[in-house]
Each structure stands twice: as C-alpha cells, then as structure tokens.
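Structure file upload_11.tsv (TSV, N, CA, C and O atoms) is printed below.
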```tsv
chain	number	residue	atom	x	y	z
F	1	MET	N	-12.01	8.07	165.47
F	1	MET	CA	-11.92	8.11	164.02
F	1	MET	C	-10.82	9.09	163.61
F	1	MET	O	-10.70	10.18	164.14
F	2	MET	N	-10.00	8.69	162.65
F	2	MET	CA	-8.92	9.51	162.14
F	2	MET	C	-9.46	10.53	161.14
F	2	MET	O	-10.12	10.16	160.18
F	3	ARG	N	-9.20	11.79	161.37
F	3	ARG	CA	-9.65	12.84	160.45
F	3	ARG	C	-8.48	13.31	159.61
F	3	ARG	O	-7.38	13.47	160.10
F	4	LYS	N	-8.77	13.56	158.34
F	4	LYS	CA	-7.73	14.04	157.44
F	4	LYS	C	-7.45	15.51	157.70
F	4	LYS	O	-8.35	16.29	158.00
F	5	LYS	N	-6.16	15.89	157.58
F	5	LYS	CA	-5.75	17.26	157.83
F	5	LYS	C	-4.60	17.61	156.89
F	5	LYS	O	-3.72	16.79	156.65
F	6	VAL	N	-4.62	18.83	156.35
F	6	VAL	CA	-3.57	19.29	155.46
F	6	VAL	C	-3.32	20.78	155.73
F	6	VAL	O	-4.23	21.51	156.09
F	7	ALA	N	-2.06	21.19	155.60
F	7	ALA	CA	-1.68	22.60	155.76
F	7	ALA	C	-1.01	23.07	154.48
F	7	ALA	O	-0.17	22.36	153.92
F	8	ILE	N	-1.38	24.25	154.02
F	8	ILE	CA	-0.83	24.83	152.79
F	8	ILE	C	-0.28	26.20	153.13
F	8	ILE	O	-0.98	27.03	153.72
F	9	LYS	N	0.97	26.47	152.77
F	9	LYS	CA	1.61	27.76	153.02
F	9	LYS	C	1.95	28.41	151.68
F	9	LYS	O	2.71	27.85	150.89
F	10	VAL	N	1.37	29.58	151.42
F	10	VAL	CA	1.52	30.26	150.14
F	10	VAL	C	2.25	31.58	150.36
F	10	VAL	O	1.83	32.39	151.18
F	11	PRO	N	3.35	31.82	149.63
F	11	PRO	CA	4.08	33.09	149.80
F	11	PRO	C	3.33	34.27	149.19
F	11	PRO	O	2.61	34.13	148.21
F	12	ALA	N	3.52	35.43	149.80
F	12	ALA	CA	2.93	36.66	149.28
F	12	ALA	C	3.71	37.11	148.05
F	12	ALA	O	4.82	36.64	147.78
F	13	THR	N	3.13	38.03	147.30
F	13	THR	CA	3.79	38.57	146.12
F	13	THR	C	3.64	40.08	146.09
F	13	THR	O	2.68	40.63	146.62
F	14	SER	N	4.60	40.74	145.47
F	14	SER	CA	4.52	42.19	145.30
F	14	SER	C	4.01	42.54	143.90
F	14	SER	O	3.98	43.70	143.52
F	15	ALA	N	3.59	41.56	143.12
F	15	ALA	CA	3.24	41.75	141.72
F	15	ALA	C	2.11	42.76	141.50
F	15	ALA	O	2.09	43.43	140.48
F	16	ASN	N	1.19	42.90	142.41
F	16	ASN	CA	0.05	43.79	142.19
F	16	ASN	C	0.14	45.10	142.98
F	16	ASN	O	-0.87	45.76	143.19
F	17	LEU	N	1.33	45.48	143.38
F	17	LEU	CA	1.48	46.72	144.14
F	17	LEU	C	1.51	47.97	143.26
F	17	LEU	O	1.32	49.06	143.74
F	18	GLY	N	1.77	47.83	141.99
F	18	GLY	CA	1.77	48.99	141.10
F	18	GLY	C	2.62	48.76	139.88
F	18	GLY	O	3.17	47.67	139.69
F	19	PRO	N	2.76	49.78	139.01
F	19	PRO	CA	3.54	49.64	137.78
F	19	PRO	C	4.98	49.24	138.07
F	19	PRO	O	5.60	49.72	139.01
F	20	GLY	N	5.51	48.37	137.26
F	20	GLY	CA	6.90	47.95	137.40
F	20	GLY	C	7.10	46.75	138.30
F	20	GLY	O	8.08	46.04	138.16
F	21	PHE	N	6.20	46.50	139.22
F	21	PHE	CA	6.39	45.39	140.15
F	21	PHE	C	6.25	44.03	139.47
F	21	PHE	O	6.80	43.04	139.94
F	22	ASP	N	5.51	43.98	138.34
F	22	ASP	CA	5.43	42.72	137.60
F	22	ASP	C	6.78	42.33	137.05
F	22	ASP	O	7.10	41.16	136.91
F	23	CYS	N	7.61	43.31	136.70
F	23	CYS	CA	8.94	43.04	136.13
F	23	CYS	C	10.01	42.96	137.22
F	23	CYS	O	10.88	42.12	137.17
F	24	VAL	N	9.95	43.88	138.16
F	24	VAL	CA	11.00	43.99	139.17
F	24	VAL	C	10.76	42.99	140.30
F	24	VAL	O	11.61	42.18	140.62
F	25	GLY	N	9.61	43.05	140.92
F	25	GLY	CA	9.26	42.17	142.01
F	25	GLY	C	10.18	42.34	143.21
F	25	GLY	O	11.15	43.10	143.16
F	26	MET	N	9.88	41.69	144.28
F	26	MET	CA	10.71	41.72	145.48
F	26	MET	C	10.35	40.55	146.37
F	26	MET	O	9.25	40.02	146.29
F	27	ALA	N	11.29	40.13	147.17
F	27	ALA	CA	11.05	39.03	148.10
F	27	ALA	C	10.34	39.57	149.34
F	27	ALA	O	10.73	40.60	149.89
F	28	LEU	N	9.29	38.92	149.75
F	28	LEU	CA	8.55	39.30	150.94
F	28	LEU	C	8.57	38.14	151.93
F	28	LEU	O	8.44	36.99	151.55
F	29	ASN	N	8.72	38.46	153.19
F	29	ASN	CA	8.67	37.45	154.23
F	29	ASN	C	7.26	37.44	154.80
F	29	ASN	O	7.05	37.72	155.97
F	30	LEU	N	6.29	37.14	153.94
F	30	LEU	CA	4.88	37.16	154.30
F	30	LEU	C	4.20	35.97	153.65
F	30	LEU	O	4.41	35.71	152.46
F	31	TYR	N	3.41	35.23	154.40
F	31	TYR	CA	2.77	34.02	153.90
F	31	TYR	C	1.31	33.97	154.33
F	31	TYR	O	0.93	34.55	155.34
F	32	ASN	N	0.53	33.24	153.57
F	32	ASN	CA	-0.84	32.92	153.94
F	32	ASN	C	-0.86	31.41	154.17
F	32	ASN	O	-0.56	30.64	153.26
F	33	THR	N	-1.18	30.99	155.39
F	33	THR	CA	-1.21	29.58	155.72
F	33	THR	C	-2.66	29.14	155.93
F	33	THR	O	-3.39	29.76	156.70
F	34	VAL	N	-3.05	28.09	155.23
F	34	VAL	CA	-4.40	27.54	155.36
F	34	VAL	C	-4.26	26.13	155.91
F	34	VAL	O	-3.53	25.31	155.36
F	35	VAL	N	-4.95	25.86	157.00
F	35	VAL	CA	-4.99	24.52	157.58
F	35	VAL	C	-6.41	24.01	157.42
F	35	VAL	O	-7.36	24.66	157.85
F	36	LEU	N	-6.56	22.88	156.78
F	36	LEU	CA	-7.86	22.31	156.49
F	36	LEU	C	-7.97	20.95	157.18
F	36	LEU	O	-7.08	20.11	157.04
F	37	GLU	N	-9.05	20.76	157.94
F	37	GLU	CA	-9.24	19.52	158.68
F	37	GLU	C	-10.68	19.07	158.55
F	37	GLU	O	-11.60	19.88	158.65
F	38	GLU	N	-10.87	17.77	158.32
F	38	GLU	CA	-12.24	17.24	158.28
F	38	GLU	C	-12.92	17.48	159.62
F	38	GLU	O	-12.28	17.45	160.66
F	39	SER	N	-14.22	17.74	159.54
F	39	SER	CA	-14.98	18.06	160.75
F	39	SER	C	-16.42	17.58	160.55
F	39	SER	O	-16.79	17.14	159.46
F	40	ASP	N	-17.21	17.69	161.59
F	40	ASP	CA	-18.62	17.31	161.50
F	40	ASP	C	-19.47	18.40	160.86
F	40	ASP	O	-20.59	18.15	160.45
F	41	ASP	N	-18.96	19.61	160.81
F	41	ASP	CA	-19.66	20.72	160.17
F	41	ASP	C	-18.64	21.68	159.57
F	41	ASP	O	-17.45	21.37	159.53
F	42	TYR	N	-19.09	22.83	159.11
F	42	TYR	CA	-18.19	23.81	158.49
F	42	TYR	C	-17.89	24.94	159.46
F	42	TYR	O	-18.79	25.45	160.12
F	43	LYS	N	-16.62	25.34	159.52
F	43	LYS	CA	-16.22	26.43	160.40
F	43	LYS	C	-15.00	27.11	159.80
F	43	LYS	O	-14.07	26.44	159.34
F	44	ILE	N	-15.02	28.45	159.78
F	44	ILE	CA	-13.88	29.22	159.28
F	44	ILE	C	-13.31	30.02	160.43
F	44	ILE	O	-14.01	30.81	161.05
F	45	GLU	N	-12.03	29.79	160.72
F	45	GLU	CA	-11.32	30.55	161.73
F	45	GLU	C	-10.24	31.37	161.03
F	45	GLU	O	-9.51	30.83	160.20
F	46	ILE	N	-10.14	32.64	161.34
F	46	ILE	CA	-9.13	33.50	160.74
F	46	ILE	C	-8.29	34.08	161.87
F	46	ILE	O	-8.83	34.72	162.78
F	47	ILE	N	-6.98	33.86	161.78
F	47	ILE	CA	-6.07	34.34	162.82
F	47	ILE	C	-5.01	35.20	162.14
F	47	ILE	O	-4.40	34.79	161.17
F	48	GLY	N	-4.81	36.40	162.66
F	48	GLY	CA	-3.78	37.29	162.12
F	48	GLY	C	-4.37	38.37	161.24
F	48	GLY	O	-5.50	38.82	161.45
F	49	GLU	N	-3.60	38.77	160.23
F	49	GLU	CA	-3.99	39.84	159.31
F	49	GLU	C	-5.37	39.56	158.71
F	49	GLU	O	-5.62	38.50	158.17
F	50	GLY	N	-6.30	40.50	158.86
F	50	GLY	CA	-7.62	40.38	158.28
F	50	GLY	C	-8.64	39.68	159.16
F	50	GLY	O	-9.80	39.53	158.77
F	51	GLU	N	-8.24	39.26	160.36
F	51	GLU	CA	-9.18	38.50	161.20
F	51	GLU	C	-10.43	39.28	161.59
F	51	GLU	O	-11.46	38.68	161.89
F	52	LYS	N	-10.35	40.60	161.54
F	52	LYS	CA	-11.52	41.41	161.91
F	52	LYS	C	-12.36	41.81	160.70
F	52	LYS	O	-13.47	42.30	160.87
F	53	THR	N	-11.84	41.60	159.49
F	53	THR	CA	-12.57	42.07	158.31
F	53	THR	C	-12.94	40.98	157.31
F	53	THR	O	-13.88	41.17	156.55
F	54	LEU	N	-12.21	39.88	157.27
F	54	LEU	CA	-12.51	38.83	156.29
F	54	LEU	C	-13.76	38.05	156.68
F	54	LEU	O	-13.99	37.78	157.86
F	55	PRO	N	-14.58	37.67	155.68
F	55	PRO	CA	-15.83	36.95	155.99
F	55	PRO	C	-15.58	35.54	156.48
F	55	PRO	O	-14.64	34.87	156.05
F	56	ARG	N	-16.44	35.10	157.38
F	56	ARG	CA	-16.38	33.73	157.92
F	56	ARG	C	-17.60	32.93	157.47
F	56	ARG	O	-18.13	32.12	158.21
F	57	ASN	N	-18.03	33.20	156.24
F	57	ASN	CA	-19.18	32.50	155.69
F	57	ASN	C	-18.81	31.99	154.29
F	57	ASN	O	-17.65	32.04	153.90
F	58	THR	N	-19.78	31.52	153.53
F	58	THR	CA	-19.51	30.91	152.23
F	58	THR	C	-19.01	31.91	151.18
F	58	THR	O	-18.61	31.51	150.10
F	59	SER	N	-19.00	33.21	151.50
F	59	SER	CA	-18.45	34.18	150.56
F	59	SER	C	-16.93	34.30	150.68
F	59	SER	O	-16.29	34.94	149.85
F	60	ASN	N	-16.33	33.66	151.68
F	60	ASN	CA	-14.88	33.68	151.87
F	60	ASN	C	-14.21	33.03	150.66
F	60	ASN	O	-14.56	31.93	150.24
F	61	LEU	N	-13.21	33.72	150.09
F	61	LEU	CA	-12.54	33.25	148.88
F	61	LEU	C	-11.87	31.89	149.06
F	61	LEU	O	-11.95	31.02	148.18
F	62	VAL	N	-11.23	31.66	150.19
F	62	VAL	CA	-10.57	30.37	150.43
F	62	VAL	C	-11.63	29.27	150.54
F	62	VAL	O	-11.47	28.19	149.96
F	63	PHE	N	-12.72	29.54	151.23
F	63	PHE	CA	-13.82	28.56	151.33
F	63	PHE	C	-14.34	28.20	149.95
F	63	PHE	O	-14.52	27.02	149.63
F	64	ARG	N	-14.56	29.21	149.12
F	64	ARG	CA	-15.09	28.96	147.76
F	64	ARG	C	-14.11	28.15	146.93
F	64	ARG	O	-14.52	27.26	146.18
F	65	ALA	N	-12.80	28.43	147.05
F	65	ALA	CA	-11.80	27.69	146.28
F	65	ALA	C	-11.76	26.22	146.72
F	65	ALA	O	-11.68	25.32	145.87
F	66	ILE	N	-11.81	25.97	148.02
F	66	ILE	CA	-11.78	24.60	148.54
F	66	ILE	C	-13.03	23.84	148.09
F	66	ILE	O	-12.96	22.70	147.65
F	67	ARG	N	-14.17	24.50	148.18
F	67	ARG	CA	-15.43	23.87	147.78
F	67	ARG	C	-15.38	23.51	146.28
F	67	ARG	O	-15.79	22.41	145.89
F	68	THR	N	-14.85	24.40	145.45
F	68	THR	CA	-14.73	24.13	144.02
F	68	THR	C	-13.80	22.94	143.76
F	68	THR	O	-14.11	22.05	142.96
F	69	LEU	N	-12.65	22.93	144.44
F	69	LEU	CA	-11.71	21.81	144.31
F	69	LEU	C	-12.36	20.49	144.68
F	69	LEU	O	-12.27	19.51	143.94
F	70	PHE	N	-13.03	20.45	145.83
F	70	PHE	CA	-13.68	19.22	146.28
F	70	PHE	C	-14.77	18.77	145.30
F	70	PHE	O	-14.90	17.58	145.02
F	71	ASN	N	-15.56	19.72	144.78
F	71	ASN	CA	-16.60	19.37	143.82
F	71	ASN	C	-16.01	18.76	142.55
F	71	ASN	O	-16.50	17.76	142.05
F	72	ARG	N	-14.94	19.37	142.04
F	72	ARG	CA	-14.32	18.87	140.82
F	72	ARG	C	-13.65	17.52	141.03
F	72	ARG	O	-13.56	16.72	140.11
F	73	ALA	N	-13.18	17.27	142.25
F	73	ALA	CA	-12.53	15.99	142.56
F	73	ALA	C	-13.54	14.94	143.03
F	73	ALA	O	-13.16	13.83	143.36
F	74	SER	N	-14.82	15.32	143.07
F	74	SER	CA	-15.89	14.43	143.58
F	74	SER	C	-15.56	13.92	144.98
F	74	SER	O	-15.81	12.77	145.31
F	75	TYR	N	-14.98	14.79	145.80
F	75	TYR	CA	-14.63	14.44	147.18
F	75	TYR	C	-15.73	14.94	148.10
F	75	TYR	O	-16.11	16.11	148.04
F	76	HIS	N	-16.25	14.07	148.94
F	76	HIS	CA	-17.34	14.45	149.84
F	76	HIS	C	-16.93	14.22	151.29
F	76	HIS	O	-16.35	13.20	151.62
F	77	SER	N	-17.21	15.20	152.11
F	77	SER	CA	-16.92	15.13	153.54
F	77	SER	C	-18.09	15.75	154.28
F	77	SER	O	-18.73	16.68	153.77
F	78	PRO	N	-18.41	15.29	155.49
F	78	PRO	CA	-19.51	15.89	156.24
F	78	PRO	C	-19.28	17.35	156.53
F	78	PRO	O	-20.20	18.14	156.66
F	79	GLY	N	-18.04	17.76	156.59
F	79	GLY	CA	-17.70	19.15	156.86
F	79	GLY	C	-16.19	19.29	157.00
F	79	GLY	O	-15.46	18.30	156.98
F	80	TRP	N	-15.74	20.53	157.15
F	80	TRP	CA	-14.33	20.80	157.38
F	80	TRP	C	-14.19	22.15	158.01
F	80	TRP	O	-15.04	23.00	157.94
F	81	LYS	N	-13.07	22.31	158.69
F	81	LYS	CA	-12.80	23.61	159.32
F	81	LYS	C	-11.42	24.06	158.95
F	81	LYS	O	-10.59	23.30	158.49
```
Conversion result in structure tokens:
Amino acid sequence: MMRKKVAIKVPATSANLGPGFDCVGMALNLYNTVVLEESDDYKIEIIGEGEKTLPRNTSNLVFRAIRTLFNRASYHSPGWK
C-alpha cells in the first residue's frame, strides 16, 4: 500500500530575540524540518536540536498543529509519524 508523505522546511527567525530585532532582523542558516508520513499508529521522532527536551506525546506543538489541520480539513488517517 502506498503511504502519503510530505516534508516541510521552515526557516528560523531572529524576530523574538529582543528589542529591535522585529525591525532589523537578520538572516539565519537554521531551519526546522518536519517530515510527516502516514502510519498504522502515531509516533514522534525528534532528531537534532531539542531531541532530549521536546515532548514526544500529544503535548508536542507540531503534533497539535498537525492534528488541528487534519481536523479542520476533515482528513482521517489511522496514524502518522
């Protein structure tokens, strides 16, 4: 069976580093990449920055955002990782 898979790469921002950064800003060579694939159950894998501290349960911000998107789009899948 063919499973759907998508990768999203989001650039980092310096906007919340302190006063003035909202106006000045700076280019950062830092990205957050999320790879989402249909699965038989739910699994969160974190590789790189934050892998020891970010939650791997339903409190994870990326998990919550994906779940909200799928609910609003009425998209149902047995699971995803």
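Every protein, DNA or RNA residue with an atom at most 5 Å from Lys4 of chain F, where only N, CA, C and O atoms count and chain neighbours fewer than 2 positions away do not, is listed here: F:Met2, F:Val6, F:Leu36, F:Glu37, F:Glu38.
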Based on the selection just made, write N, CA, C and O atoms of those residues as a compact mmCIF listing (two decimals), in the coordinates of the input.
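Written out: result_7.txt:
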```
# COMPACT_ATOMS: atom_id res chain seq x y z
N MET F 2 -10.00 8.69 162.65
CA MET F 2 -8.92 9.51 162.14
C MET F 2 -9.46 10.53 161.14
O MET F 2 -10.12 10.16 160.18
N VAL F 6 -4.62 18.83 156.35
CA VAL F 6 -3.57 19.29 155.46
C VAL F 6 -3.32 20.78 155.73
O VAL F 6 -4.23 21.51 156.09
N LEU F 36 -6.56 22.88 156.78
CA LEU F 36 -7.86 22.31 156.49
C LEU F 36 -7.97 20.95 157.18
O LEU F 36 -7.08 20.11 157.04
N GLU F 37 -9.05 20.76 157.94
CA GLU F 37 -9.24 19.52 158.68
C GLU F 37 -10.68 19.07 158.55
O GLU F 37 -11.60 19.88 158.65
N GLU F 38 -10.87 17.77 158.32
CA GLU F 38 -12.24 17.24 158.28
C GLU F 38 -12.92 17.48 159.62
O GLU F 38 -12.28 17.45 160.66
```
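Between atom C of Lys9 of chain F and atom C of Val34 of chain F there is a distance of 7.9 Å.
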Review point. What is the atom CA of Gly79 of chain F to atom CA of Lys43 of chain F distance in Å?
Key: 8.2 Å
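Atom O of Thr13 of chain F to atom C of Gly48 of chain F spans 16.4 Å [interatomic distance, one decimal].
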Study note, to complete from the structure: In terms of only C-alpha atoms, the residue from F:Leu69, F:Val10, F:Ile44, F:Leu30 at minimal distance from Lys81 of chain F is F:Ile44
Point to revise | 5 Å contact set for Tyr31 of chain F, all atoms listed in the file, chain neighbours under 2 positions out, as a ChimeraX atom specification | key: /F:10-12,29,33
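Closest approach to Pro78 of chain F among F:Arg3, F:Ile47, F:Ile8, F:Tyr42 is made by F:Tyr42 (distances from only N, CA, C and O atoms).
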Check your understanding: Could you name the residues that touch Arg67 of chain F at 12 Å or less, counting only C-alpha atoms, but leaving out those on the same chain fewer than 3 positions away, as a VMD selection string?
Key -> chain F and resid 36 42 58 to 64 70 to 77 79 to 81
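Of the residues in chain F, those given strand (DSSP E) by DSSP on the backbone are F:Lys5, F:Val6, F:Ala7, F:Ile8, F:Lys9, F:Val10, F:Pro11, F:Tyr31, F:Asn32, F:Thr33, F:Val34, F:Val35, F:Leu36, F:Glu37.
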Find the axis-aligned box for segment 59-71 of chain F, covering all its listed atoms and adding 4 Å on each side, and write its centre and edge lengths in Å to one decimal as lines of an AutoDock Vina configuration file.
```
center_x = -14.8
center_y = 26.3
center_z = 147.0
size_x = 16.4
size_y = 25.4
size_z = 17.8
```
Review point. What are the DSSP helix (DSSP H, G or I) residues of chain F, as number ranges by chain?
Key: F: 61-72
Using the atoms already present, construct all heavy atoms for segment 40-51 of chain F and hand them back as a CSV table (one decimal), in the coordinates of the input.
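out_16.csv was written with the following content:
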```csv
chain,number,residue,atom,x,y,z
F,40,ASP,N,-17.2,17.7,161.6
F,40,ASP,CA,-18.6,17.3,161.5
F,40,ASP,C,-19.5,18.4,160.9
F,40,ASP,O,-20.6,18.2,160.4
F,40,ASP,CB,-19.2,17.0,162.9
F,40,ASP,CG,-18.5,15.8,163.5
F,40,ASP,OD1,-18.1,14.9,162.7
F,40,ASP,OD2,-18.4,15.7,164.7
F,41,ASP,N,-19.0,19.6,160.8
F,41,ASP,CA,-19.7,20.7,160.2
F,41,ASP,C,-18.6,21.7,159.6
F,41,ASP,O,-17.4,21.4,159.5
F,41,ASP,CB,-20.6,21.4,161.2
F,41,ASP,CG,-19.9,22.0,162.4
F,41,ASP,OD1,-18.6,21.8,162.4
F,41,ASP,OD2,-20.5,22.5,163.3
F,42,TYR,N,-19.1,22.8,159.1
F,42,TYR,CA,-18.2,23.8,158.5
F,42,TYR,C,-17.9,24.9,159.5
F,42,TYR,O,-18.8,25.4,160.1
F,42,TYR,CB,-18.8,24.4,157.2
F,42,TYR,CG,-19.0,23.3,156.2
F,42,TYR,CD1,-20.2,22.7,156.0
F,42,TYR,CD2,-18.0,23.0,155.3
F,42,TYR,CE1,-20.4,21.7,155.0
F,42,TYR,CE2,-18.1,22.0,154.4
F,42,TYR,CZ,-19.3,21.4,154.2
F,42,TYR,OH,-19.5,20.4,153.3
F,43,LYS,N,-16.6,25.3,159.5
F,43,LYS,CA,-16.2,26.4,160.4
F,43,LYS,C,-15.0,27.1,159.8
F,43,LYS,O,-14.1,26.4,159.3
F,43,LYS,CB,-15.9,25.9,161.8
F,43,LYS,CG,-15.5,27.0,162.8
F,43,LYS,CD,-15.2,26.4,164.1
F,43,LYS,CE,-14.9,27.5,165.1
F,43,LYS,NZ,-14.6,27.0,166.4
F,44,ILE,N,-15.0,28.4,159.8
F,44,ILE,CA,-13.9,29.2,159.3
F,44,ILE,C,-13.3,30.0,160.4
F,44,ILE,O,-14.0,30.8,161.0
F,44,ILE,CB,-14.3,30.2,158.1
F,44,ILE,CG1,-14.9,29.4,157.0
F,44,ILE,CG2,-13.1,31.0,157.7
F,44,ILE,CD1,-15.4,30.2,155.9
F,45,GLU,N,-12.0,29.8,160.7
F,45,GLU,CA,-11.3,30.6,161.7
F,45,GLU,C,-10.2,31.4,161.0
F,45,GLU,O,-9.5,30.8,160.2
F,45,GLU,CB,-10.7,29.6,162.8
F,45,GLU,CG,-11.6,28.8,163.6
F,45,GLU,CD,-10.9,27.9,164.5
F,45,GLU,OE1,-9.7,27.9,164.6
F,45,GLU,OE2,-11.6,27.1,165.2
F,46,ILE,N,-10.1,32.6,161.3
F,46,ILE,CA,-9.1,33.5,160.7
F,46,ILE,C,-8.3,34.1,161.9
F,46,ILE,O,-8.8,34.7,162.8
F,46,ILE,CB,-9.8,34.6,159.9
F,46,ILE,CG1,-10.6,34.0,158.8
F,46,ILE,CG2,-8.7,35.5,159.3
F,46,ILE,CD1,-11.5,35.0,158.1
F,47,ILE,N,-7.0,33.9,161.8
F,47,ILE,CA,-6.1,34.3,162.8
F,47,ILE,C,-5.0,35.2,162.1
F,47,ILE,O,-4.4,34.8,161.2
F,47,ILE,CB,-5.4,33.2,163.5
F,47,ILE,CG1,-6.5,32.3,164.2
F,47,ILE,CG2,-4.4,33.6,164.6
F,47,ILE,CD1,-5.9,30.9,164.7
F,48,GLY,N,-4.8,36.4,162.7
F,48,GLY,CA,-3.8,37.3,162.1
F,48,GLY,C,-4.4,38.4,161.2
F,48,GLY,O,-5.5,38.8,161.4
F,49,GLU,N,-3.6,38.8,160.2
F,49,GLU,CA,-4.0,39.8,159.3
F,49,GLU,C,-5.4,39.6,158.7
F,49,GLU,O,-5.6,38.5,158.2
F,49,GLU,CB,-3.0,39.9,158.2
F,49,GLU,CG,-3.2,41.1,157.3
F,49,GLU,CD,-2.7,42.4,157.9
F,49,GLU,OE1,-1.8,42.4,158.7
F,49,GLU,OE2,-3.3,43.5,157.5
F,50,GLY,N,-6.3,40.5,158.9
F,50,GLY,CA,-7.6,40.4,158.3
F,50,GLY,C,-8.6,39.7,159.2
F,50,GLY,O,-9.8,39.5,158.8
F,51,GLU,N,-8.2,39.3,160.4
F,51,GLU,CA,-9.2,38.5,161.2
F,51,GLU,C,-10.4,39.3,161.6
F,51,GLU,O,-11.5,38.7,161.9
F,51,GLU,CB,-8.5,37.9,162.4
F,51,GLU,CG,-8.0,39.0,163.4
F,51,GLU,CD,-7.2,38.4,164.6
F,51,GLU,OE1,-6.6,37.3,164.4
F,51,GLU,OE2,-7.3,39.0,165.6
```
